[in-house]
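K.L.:
Mind looking over this structure? Questions follow.
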Amino acid sequence: MGRPAPRPLLLALLALALCRGRVVRVPAGSLVRVAGTELVIPCNVSDYDGPSEQNFDWSFAAAAGGGFVALASTWEAGFAAQLYQGRLQRGEILLSRTTNDAVELHIKNVQPSDQGLYRCSTPSTDATVQGNYEATVQVEVLPDALHVSAGQQPAAALSLREGEPFELRCSASTASPLHTHLSVQWELQRGPARRSVLSLTYEGRFRAGPGYEQRCRSGDVRLDTVGSDIYRLSVSRALSADQGTYQCVVSEWIGQQGTWQEIQEKTVDVASVAIQPTVLRAAVARNVSVAEGKELDLTCNVTTDRGDDVRPEVAWFFSRTPDGALPGLHLLARADRDSLVRSSPRVALSHVDARSYRLLVRDVSQENAGYYFCHVALWVPGHNRSWHKVAEAKSAPAGVDVTRLEPNYQVYLNVSKAPEFSDDPTELQCRIVDARSAEASFRFAVSWYHRVDRRSDDAATSELLAVMDGDWTLRYGERSAQRAQSGEFIFSKEHVDTFSFRIRRTTEEDRGSYYCAVSAWAKQRNDTWAKSKDVLSKPVNVFWAAEDSVLVVKARQLKPFFAAGNTFEMTCKVSSRNIKSPRYSVLITAEKPAGGLSSPNETRYLISLDRDSVVRLENWTDASRVDGVVLEKVQEDEFRYRMYQTQVSDAGLYRCLVTAWSPAGGSLWREAATGLSNPIEIDFQTSGPIFNASVHSETPSVIRGELIKLFCIVTVEGAALDPDDMAFDVSWFAVHSFGSEQAPVFLSSLDRRGIVTTAPRAWKSVVSLERVGALEFLLQVHGAEDQDFGNYHCSVAPWVRSPTGSWQEEAQVRAKPLFVTVKMDVLTAFKYPLLIGIGLSTLIGLLSCLIGYCSSHWCCKKEVQETRRERRRLMSMEMD
């Protein structure tokens, strides 16, 4: 049957294949298959580097030396002979390509007539034939002689309990004319999942499946043969994991030339095994109440449906919570399956009868109050003296309440010595009365509390002054520790039932309510003490009639009017009432008026004088006027403040803040009262010049690398001044963004003495600042970069010399910002990349020409041979 001529385009692609040798490979030796199974023969080409997929032709010969018949081809659809056209259309014979140079021949349901030689060949248009272009393989088809069936016993469905034995049988035999081996594998299927249990390989070796290694080593799971064709799976003790459908998988293997081939596999369902769970329950009495020091008796009743040889393991646990979480469980006692008991001190576990276990806890205390659990596990004997756990259960929590024996008593607090005036002593007594059931195992301790009475609706908080523990260790509160160590507070125990608290010098802060709390401490089994009960006394008030302290401060200005540069002087007179032996500390404050240099109503602390007449500068930070303020004590109740060389920025309201201190015993002082004087105003009535500032630049837009010049021009309006009487502090700032939302960045400054300060920069451009005229200041940015764009402005602080010769700082002025842009030089930016691109393009072109020249001389030097051209099935046309 003729084939269509190849298309010109396809022939051209095949002609581009490189002239290299190739080898066609099929499986070595012969292939043996059983009738009815699927035959797969792979074929691949080595050393093939063609531009597209390699084509394959398959042919078949029924016997050695016979003629080959076309079977299938990847090249043309009509390649197969008429005999195989129907099987190809039904899909029984098909070709499956795995890679460009490999293909597989599939014959489904192989028949005895398919036995013979199969040849795989690769059509080629190579000018020079090198290598092997075809290969053959012998296929032998055997009749199906493998018989697999389930044994008659046991039945197809089994229902077992955990721990019971079972066995399954599978019959497998073969009548193959060749020498073959059988491998048997038992599998367990639970839903879609399948796993291997135990298998016997074709080499006669046993292999346990995943998870069955330990059970196979112990002999619990075995595989043995009965006769010549029965394979028995035996399980001595069934587990819950053994439930499912058991299948017997039998494979037939044949050995040829030192290798083994699996020629067929059959699977049969043997039995469905269902494992019935063991019923096990544990019950304990739900709620139990026991008195402290008595015995706790609990019984665990076990119920199960197993009557065979099972052994229980019982354990008692204790927990503080009813959920019985394992991290919080505490093991009390355990009886193992051999009836060996392990328990903690004062705990006993006994086996009352076959299904009851008793827990006895002696001499219970509050530590034994909580929840008790009974845990039971059933064990059954396995193969080779092993044991398997078949069930376990935990009882519901049994709540145990331990009642405590508490003493009955009452507590009374009275004021044995009350203060009449400040600094008088105070004494309180806390007494225990009507104490009943106070055995020798109890101790009494006391805690003292102070509560300040409030006139408003705010809740009063209690402050702990001191506490005495069960071992009579005295601990002080946070605020009372210092006064107790200095001897101001004295806490003592006068009698077994009486506690006292003394204040040697009562102060204003000691006013309020006092109460005591008496605690009963019980002795524990480990000879420690634990608090069992608290009883509070009724509060008592400690107060005395006294007038409130009064402090009045009057400020006076010695000179009603003065000009800038003069000395400001004010005095503060202090008068007090109801303050014992006062000492005064003075603080001078200044409040700046609205519209000043500082924010409106800003109060500053300038200088202070403490009660020991020690002077300290507070917020007076002017380094040039560090000695410009003086505060001194004129009399015991009068103070004087001076400020030299006043400036316009000193305008504001000045006050004296005076605090009166009263001795609190020893070297301690307490704050008695605080007073603020009337304000004294400093206001300068001047008609000086008005200063303005502006920013100007002739180059607001520059190219990267050029110079940016910015001028800060100061203008003066009003009274004319000599340039020698004016000086300026100039600072430059920039906002490197298109908006003004960001904070300005400091660049450089020039003060009135000519000192220049420049901030460090993160890029290469350099900033310089100089004074170019009496009222002009030049900022230059050398080697501008892209980051230097933004809004630039200057801030000017004018200084004017007064007629007295002192310099006065005027209000600071700020110029409107000027936006500066930095552009990029396009020609310079693209010059070097363009030159590099042209150079690389030229180099690549020359290299391509050299490669083409070498290929044309070296790859086509061999002469074309036409000797086998007439034998190629794809070369029926003359090709030029």
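Going through the structure tokens in order, the chains are called A, B, and so on, while each chain numbers its residues from 1 and the ligands are numbered from 1 in the order shown.
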As a ChimeraX atom specification, which residues of region 266-325 of chain A does DSSP assign to strand (DSSP E)?

P.N.:
/A:266-276,280-283,287-291,296-304,311-319

K.L.:
Could you give me, as a list in words, the residues within 9 Å of Asp101 (chain A), counting only C-alpha atoms and dropping anything in the same chain fewer than 2 positions from it?

P.N.:
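The residues that qualify are Cys43, Asn44, Val45, Ser46, Tyr48, Asp49, Glu53, Gln54, Asn55, Arg97, Thr98, Thr99 and Val103 of chain A.
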
K.L.:
Write out the residues from the selection above, keeping all heavy atoms, as an mmCIF file, in the first residue's frame.

P.N.:
data_model
loop_
_atom_site.group_PDB
_atom_site.id
_atom_site.type_symbol
_atom_site.label_atom_id
_atom_site.label_comp_id
_atom_site.auth_asym_id
_atom_site.auth_seq_id
_atom_site.Cartn_x
_atom_site.Cartn_y
_atom_site.Cartn_z
ATOM 1 N N CYS A 43 10.601 2.320 23.142
ATOM 2 C CA CYS A 43 11.611 2.475 22.103
ATOM 3 C C CYS A 43 12.098 3.913 22.136
ATOM 4 O O CYS A 43 11.280 4.847 22.155
ATOM 5 C CB CYS A 43 11.029 2.130 20.728
ATOM 6 S SG CYS A 43 12.224 2.350 19.364
ATOM 7 N N ASN A 44 13.445 4.098 22.163
ATOM 8 C CA ASN A 44 13.981 5.446 22.183
ATOM 9 C C ASN A 44 15.202 5.524 21.294
ATOM 10 O O ASN A 44 15.781 4.518 20.897
ATOM 11 C CB ASN A 44 14.304 5.889 23.607
ATOM 12 C CG ASN A 44 15.369 5.020 24.231
ATOM 13 O OD1 ASN A 44 15.770 4.030 23.656
ATOM 14 N ND2 ASN A 44 15.809 5.380 25.426
ATOM 15 N N VAL A 45 15.587 6.755 20.962
ATOM 16 C CA VAL A 45 16.726 7.033 20.088
ATOM 17 C C VAL A 45 17.742 7.805 20.897
ATOM 18 O O VAL A 45 17.414 8.825 21.516
ATOM 19 C CB VAL A 45 16.300 7.835 18.841
ATOM 20 C CG1 VAL A 45 17.517 8.105 17.949
ATOM 21 C CG2 VAL A 45 15.247 7.067 18.058
ATOM 22 N N SER A 46 18.979 7.345 20.914
ATOM 23 C CA SER A 46 20.046 8.067 21.596
ATOM 24 C C SER A 46 20.830 8.887 20.598
ATOM 25 O O SER A 46 20.839 8.591 19.390
ATOM 26 C CB SER A 46 20.966 7.076 22.320
ATOM 27 O OG SER A 46 21.577 6.208 21.378
ATOM 28 N N TYR A 48 20.269 11.861 19.518
ATOM 29 C CA TYR A 48 19.442 12.562 18.527
ATOM 30 C C TYR A 48 19.231 13.989 19.015
ATOM 31 O O TYR A 48 18.770 14.221 20.128
ATOM 32 C CB TYR A 48 18.094 11.859 18.377
ATOM 33 C CG TYR A 48 17.120 12.625 17.487
ATOM 34 C CD1 TYR A 48 17.314 12.671 16.112
ATOM 35 C CD2 TYR A 48 16.038 13.310 18.035
ATOM 36 C CE1 TYR A 48 16.428 13.381 15.303
ATOM 37 C CE2 TYR A 48 15.162 14.005 17.227
ATOM 38 C CZ TYR A 48 15.360 14.044 15.857
ATOM 39 O OH TYR A 48 14.503 14.755 15.070
ATOM 40 N N ASP A 49 19.600 14.957 18.160
ATOM 41 C CA ASP A 49 19.420 16.363 18.526
ATOM 42 C C ASP A 49 18.762 17.119 17.388
ATOM 43 O O ASP A 49 19.151 18.220 17.020
ATOM 44 C CB ASP A 49 20.768 17.020 18.895
ATOM 45 C CG ASP A 49 21.815 16.804 17.816
ATOM 46 O OD1 ASP A 49 21.471 16.172 16.800
ATOM 47 O OD2 ASP A 49 22.946 17.287 17.995
ATOM 48 N N GLU A 53 10.260 16.469 16.751
ATOM 49 C CA GLU A 53 10.049 15.137 17.275
ATOM 50 C C GLU A 53 10.554 14.080 16.278
ATOM 51 O O GLU A 53 10.388 14.217 15.061
ATOM 52 C CB GLU A 53 8.565 14.907 17.555
ATOM 53 C CG GLU A 53 7.992 15.811 18.638
ATOM 54 C CD GLU A 53 6.499 15.576 18.824
ATOM 55 O OE1 GLU A 53 5.913 14.925 17.935
ATOM 56 O OE2 GLU A 53 5.945 16.049 19.838
ATOM 57 N N GLN A 54 11.130 12.991 16.816
ATOM 58 C CA GLN A 54 11.579 11.861 15.981
ATOM 59 C C GLN A 54 10.378 10.966 15.678
ATOM 60 O O GLN A 54 9.497 10.754 16.524
ATOM 61 C CB GLN A 54 12.652 11.077 16.738
ATOM 62 C CG GLN A 54 13.089 9.818 16.024
ATOM 63 C CD GLN A 54 13.784 10.135 14.705
ATOM 64 O OE1 GLN A 54 14.727 10.911 14.690
ATOM 65 N NE2 GLN A 54 13.302 9.576 13.621
ATOM 66 N N ASN A 55 10.311 10.445 14.455
ATOM 67 C CA ASN A 55 9.214 9.573 14.029
ATOM 68 C C ASN A 55 9.626 8.103 14.178
ATOM 69 O O ASN A 55 10.798 7.746 14.003
ATOM 70 C CB ASN A 55 8.821 9.864 12.588
ATOM 71 C CG ASN A 55 8.260 11.266 12.450
ATOM 72 O OD1 ASN A 55 7.201 11.556 12.974
ATOM 73 N ND2 ASN A 55 8.981 12.133 11.742
ATOM 74 N N ARG A 97 3.738 8.747 22.963
ATOM 75 C CA ARG A 97 5.034 9.425 22.936
ATOM 76 C C ARG A 97 5.347 9.968 24.332
ATOM 77 O O ARG A 97 4.536 10.687 24.922
ATOM 78 C CB ARG A 97 5.026 10.571 21.935
ATOM 79 C CG ARG A 97 6.384 11.270 21.782
ATOM 80 C CD ARG A 97 6.310 12.407 20.792
ATOM 81 N NE ARG A 97 6.080 11.928 19.439
ATOM 82 C CZ ARG A 97 7.033 11.496 18.613
ATOM 83 N NH1 ARG A 97 8.300 11.493 19.027
ATOM 84 N NH2 ARG A 97 6.754 11.095 17.394
ATOM 85 N N THR A 98 6.518 9.619 24.855
ATOM 86 C CA THR A 98 6.943 10.101 26.175
ATOM 87 C C THR A 98 7.837 11.322 26.069
ATOM 88 O O THR A 98 7.722 12.250 26.859
ATOM 89 C CB THR A 98 7.676 8.976 26.926
ATOM 90 O OG1 THR A 98 8.769 8.515 26.124
ATOM 91 C CG2 THR A 98 6.727 7.825 27.214
ATOM 92 N N THR A 99 8.756 11.352 25.094
ATOM 93 C CA THR A 99 9.593 12.520 24.835
ATOM 94 C C THR A 99 9.728 12.659 23.323
ATOM 95 O O THR A 99 9.148 11.893 22.538
ATOM 96 C CB THR A 99 10.988 12.367 25.476
ATOM 97 O OG1 THR A 99 11.635 11.215 24.940
ATOM 98 C CG2 THR A 99 10.888 12.222 26.994
ATOM 99 N N VAL A 103 9.114 6.623 22.420
ATOM 100 C CA VAL A 103 7.714 6.295 22.212
ATOM 101 C C VAL A 103 7.478 4.898 22.793
ATOM 102 O O VAL A 103 8.416 4.092 22.923
ATOM 103 C CB VAL A 103 7.348 6.349 20.711
ATOM 104 C CG1 VAL A 103 7.958 5.180 19.960
ATOM 105 C CG2 VAL A 103 5.841 6.380 20.516
#

K.L.:
What gap, in Å, lies between CA of Lys294 (chain A) and CA of Arg355 (chain A)?

P.N.:
26.3 Å

K.L.:
What is the distance between CA of Arg286 (chain A) and CA of Val400 (chain A), in Å to one decimal?

P.N.:
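Value for the CA of Arg286 (chain A)-CA of Val400 (chain A) distance: 8.5 Å.
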
K.L.:
For Ala157 (chain A), which residue out of A:Asp269, A:Asp527, A:Glu295, A:Asp722 is the nearest one, using only C-alpha atoms?

P.N.:
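The shortest atom-to-atom distance to Ala157 (chain A) comes from A:Asp269.
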
K.L.:
Which residues, written as a list in words, have at least one atom at most 7 Å from Ser731 (chain A), with only C-alpha atoms counted and residues fewer than 3 positions away on the same chain left out?

P.N.:
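After dropping sequence-adjacent residues, the list is Ser748, Ser749, Leu750, Cys794, Ser795 and Val796 of chain A.
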
K.L.:
Output N, CA and C atoms for every residue in the selection just made, as a PDB file, in the first residue's frame.

P.N.:
ATOM      1  N   SER A 748      22.360  76.507  56.981  1.00  0.00           N
ATOM      2  CA  SER A 748      23.526  77.255  57.456  1.00  0.00           C
ATOM      3  C   SER A 748      23.047  78.503  58.173  1.00  0.00           C
ATOM      4  N   SER A 749      23.908  79.057  59.016  1.00  0.00           N
ATOM      5  CA  SER A 749      23.565  80.288  59.752  1.00  0.00           C
ATOM      6  C   SER A 749      24.822  81.147  59.903  1.00  0.00           C
ATOM      7  N   LEU A 750      24.601  82.464  60.015  1.00  0.00           N
ATOM      8  CA  LEU A 750      25.665  83.454  60.238  1.00  0.00           C
ATOM      9  C   LEU A 750      25.172  84.398  61.315  1.00  0.00           C
ATOM     10  N   CYS A 794      14.865  82.295  54.405  1.00  0.00           N
ATOM     11  CA  CYS A 794      15.806  82.734  55.436  1.00  0.00           C
ATOM     12  C   CYS A 794      15.044  83.320  56.608  1.00  0.00           C
ATOM     13  N   SER A 795      15.632  83.201  57.807  1.00  0.00           N
ATOM     14  CA  SER A 795      15.070  83.745  59.042  1.00  0.00           C
ATOM     15  C   SER A 795      16.098  84.700  59.640  1.00  0.00           C
ATOM     16  N   VAL A 796      15.659  85.943  59.954  1.00  0.00           N
ATOM     17  CA  VAL A 796      16.556  87.008  60.400  1.00  0.00           C
ATOM     18  C   VAL A 796      16.139  87.475  61.784  1.00  0.00           C
TER      19      VAL A 796
END

K.L.:
Please identify all polymer residues within 8 Å of region 372-379 of chain A, counting only C-alpha atoms, omitting same-chain residues fewer than 4 positions from it, and present them as a VMD selection string.

P.N.:
chain A and resid 282 to 284 300 302 310 to 319 324 337 387 to 400

K.L.:
Excluding region 139-149 of chain A and any residue of its chain fewer than 4 positions from it, enumerate the residues within 10 Å of it, using only C-alpha atoms, and give them as an MDAnalysis selection string.

P.N.:
chainID A and resid 29:37 39 41 62 110:118 169:178 182 229:230 248:252 263:270

K.L.:
Taking into account only C-alpha atoms, which residue in the set A:Ser422, A:Gln482, A:Ser121, A:Ser500 is nearest to Ala445 (chain A)?

P.N.:
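Using only C-alpha atoms, Ala445 (chain A) sits closest to A:Ser500.
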
K.L.:
Can you check which residues of region 564-715 of chain A DSSP gives as helix (DSSP H, G or I) on the backbone and send them as a short mmCIF file (atom, residue, chain, number, x, y, z; two decimals) with C-alpha atoms, in the first residue's frame?

P.N.:
data_model
loop_
_atom_site.label_atom_id
_atom_site.label_comp_id
_atom_site.auth_asym_id
_atom_site.auth_seq_id
_atom_site.Cartn_x
_atom_site.Cartn_y
_atom_site.Cartn_z
CA ALA A 623 24.69 82.23 78.06
CA SER A 624 25.54 85.89 77.38
CA ARG A 625 23.52 86.99 80.42
CA VAL A 648 12.76 93.98 74.54
CA SER A 649 12.34 90.18 74.65
CA ASP A 650 12.09 90.38 78.46
#

K.L.:
Taking 5 positions as the minimum chain separation for residues in the same chain, which residues sit within 10 Å of Val197 (chain A) when counting only C-alpha atoms? Answer as an NGL selection string.

P.N.:
:A and (185-188 or 207-213 or 216 or 221-223 or 233 or 242 or 246-247)

K.L.:
With N, CA, C and O atoms retained, export the selected residues as a PDB file, in the first residue's frame.

P.N.:
ATOM      1  N   GLN A 185       0.586 -10.881  48.586  1.00  0.00           N
ATOM      2  CA  GLN A 185       0.549  -9.714  49.480  1.00  0.00           C
ATOM      3  C   GLN A 185      -0.862  -9.542  50.021  1.00  0.00           C
ATOM      4  O   GLN A 185      -1.835  -9.505  49.261  1.00  0.00           O
ATOM      5  N   TRP A 186      -0.965  -9.420  51.383  1.00  0.00           N
ATOM      6  CA  TRP A 186      -2.250  -9.140  52.037  1.00  0.00           C
ATOM      7  C   TRP A 186      -2.362  -7.633  52.233  1.00  0.00           C
ATOM      8  O   TRP A 186      -1.461  -6.998  52.774  1.00  0.00           O
ATOM      9  N   GLU A 187      -3.491  -7.090  51.795  1.00  0.00           N
ATOM     10  CA  GLU A 187      -3.746  -5.655  51.901  1.00  0.00           C
ATOM     11  C   GLU A 187      -5.039  -5.419  52.665  1.00  0.00           C
ATOM     12  O   GLU A 187      -5.982  -6.231  52.591  1.00  0.00           O
ATOM     13  N   LEU A 188      -5.077  -4.270  53.399  1.00  0.00           N
ATOM     14  CA  LEU A 188      -6.253  -3.857  54.159  1.00  0.00           C
ATOM     15  C   LEU A 188      -6.783  -2.564  53.553  1.00  0.00           C
ATOM     16  O   LEU A 188      -6.041  -1.581  53.430  1.00  0.00           O
ATOM     17  N   ARG A 207       7.853  -9.684  54.189  1.00  0.00           N
ATOM     18  CA  ARG A 207       8.047  -8.235  54.308  1.00  0.00           C
ATOM     19  C   ARG A 207       6.798  -7.638  54.952  1.00  0.00           C
ATOM     20  O   ARG A 207       5.686  -7.787  54.432  1.00  0.00           O
ATOM     21  N   ALA A 208       7.005  -6.977  56.119  1.00  0.00           N
ATOM     22  CA  ALA A 208       5.889  -6.365  56.850  1.00  0.00           C
ATOM     23  C   ALA A 208       5.557  -4.995  56.264  1.00  0.00           C
ATOM     24  O   ALA A 208       6.436  -4.251  55.825  1.00  0.00           O
ATOM     25  N   GLY A 209       4.273  -4.655  56.257  1.00  0.00           N
ATOM     26  CA  GLY A 209       3.837  -3.357  55.764  1.00  0.00           C
ATOM     27  C   GLY A 209       4.099  -2.259  56.779  1.00  0.00           C
ATOM     28  O   GLY A 209       4.443  -2.504  57.943  1.00  0.00           O
ATOM     29  N   PRO A 210       3.948  -0.990  56.369  1.00  0.00           N
ATOM     30  CA  PRO A 210       4.171   0.133  57.292  1.00  0.00           C
ATOM     31  C   PRO A 210       3.221   0.056  58.485  1.00  0.00           C
ATOM     32  O   PRO A 210       2.006  -0.071  58.327  1.00  0.00           O
ATOM     33  N   GLY A 211       3.770   0.123  59.686  1.00  0.00           N
ATOM     34  CA  GLY A 211       2.983   0.073  60.913  1.00  0.00           C
ATOM     35  C   GLY A 211       2.796  -1.319  61.476  1.00  0.00           C
ATOM     36  O   GLY A 211       2.263  -1.466  62.588  1.00  0.00           O
ATOM     37  N   TYR A 212       3.207  -2.350  60.723  1.00  0.00           N
ATOM     38  CA  TYR A 212       3.053  -3.727  61.192  1.00  0.00           C
ATOM     39  C   TYR A 212       4.382  -4.369  61.557  1.00  0.00           C
ATOM     40  O   TYR A 212       4.430  -5.584  61.823  1.00  0.00           O
ATOM     41  N   GLU A 213       5.476  -3.607  61.562  1.00  0.00           N
ATOM     42  CA  GLU A 213       6.777  -4.204  61.825  1.00  0.00           C
ATOM     43  C   GLU A 213       6.847  -4.825  63.218  1.00  0.00           C
ATOM     44  O   GLU A 213       7.273  -5.984  63.388  1.00  0.00           O
ATOM     45  N   CYS A 216       4.635  -7.911  63.633  1.00  0.00           N
ATOM     46  CA  CYS A 216       5.177  -9.090  62.947  1.00  0.00           C
ATOM     47  C   CYS A 216       6.351  -9.678  63.714  1.00  0.00           C
ATOM     48  O   CYS A 216       6.510 -10.908  63.794  1.00  0.00           O
ATOM     49  N   VAL A 221       1.042 -10.854  64.141  1.00  0.00           N
ATOM     50  CA  VAL A 221       0.567 -10.953  62.756  1.00  0.00           C
ATOM     51  C   VAL A 221       1.528 -11.877  62.022  1.00  0.00           C
ATOM     52  O   VAL A 221       2.748 -11.610  61.997  1.00  0.00           O
ATOM     53  N   ARG A 222       0.998 -12.979  61.391  1.00  0.00           N
ATOM     54  CA  ARG A 222       1.845 -13.971  60.736  1.00  0.00           C
ATOM     55  C   ARG A 222       1.270 -14.310  59.363  1.00  0.00           C
ATOM     56  O   ARG A 222       0.060 -14.207  59.129  1.00  0.00           O
ATOM     57  N   LEU A 223       2.153 -14.742  58.481  1.00  0.00           N
ATOM     58  CA  LEU A 223       1.777 -15.236  57.160  1.00  0.00           C
ATOM     59  C   LEU A 223       2.499 -16.581  56.953  1.00  0.00           C
ATOM     60  O   LEU A 223       3.734 -16.639  57.008  1.00  0.00           O
ATOM     61  N   LEU A 233      -3.229 -15.739  56.556  1.00  0.00           N
ATOM     62  CA  LEU A 233      -2.897 -14.561  57.375  1.00  0.00           C
ATOM     63  C   LEU A 233      -3.526 -14.767  58.749  1.00  0.00           C
ATOM     64  O   LEU A 233      -4.752 -14.896  58.865  1.00  0.00           O
ATOM     65  N   ASP A 242      -7.483  -2.958  62.884  1.00  0.00           N
ATOM     66  CA  ASP A 242      -7.561  -4.094  61.970  1.00  0.00           C
ATOM     67  C   ASP A 242      -8.898  -4.175  61.255  1.00  0.00           C
ATOM     68  O   ASP A 242      -9.137  -5.117  60.491  1.00  0.00           O
ATOM     69  N   TYR A 246     -10.119  -7.094  53.655  1.00  0.00           N
ATOM     70  CA  TYR A 246      -8.826  -7.697  53.383  1.00  0.00           C
ATOM     71  C   TYR A 246      -8.820  -8.268  51.971  1.00  0.00           C
ATOM     72  O   TYR A 246      -9.755  -8.970  51.554  1.00  0.00           O
ATOM     73  N   GLN A 247      -7.777  -7.953  51.222  1.00  0.00           N
ATOM     74  CA  GLN A 247      -7.608  -8.408  49.849  1.00  0.00           C
ATOM     75  C   GLN A 247      -6.312  -9.208  49.724  1.00  0.00           C
ATOM     76  O   GLN A 247      -5.310  -8.897  50.382  1.00  0.00           O
TER      77      GLN A 247
END
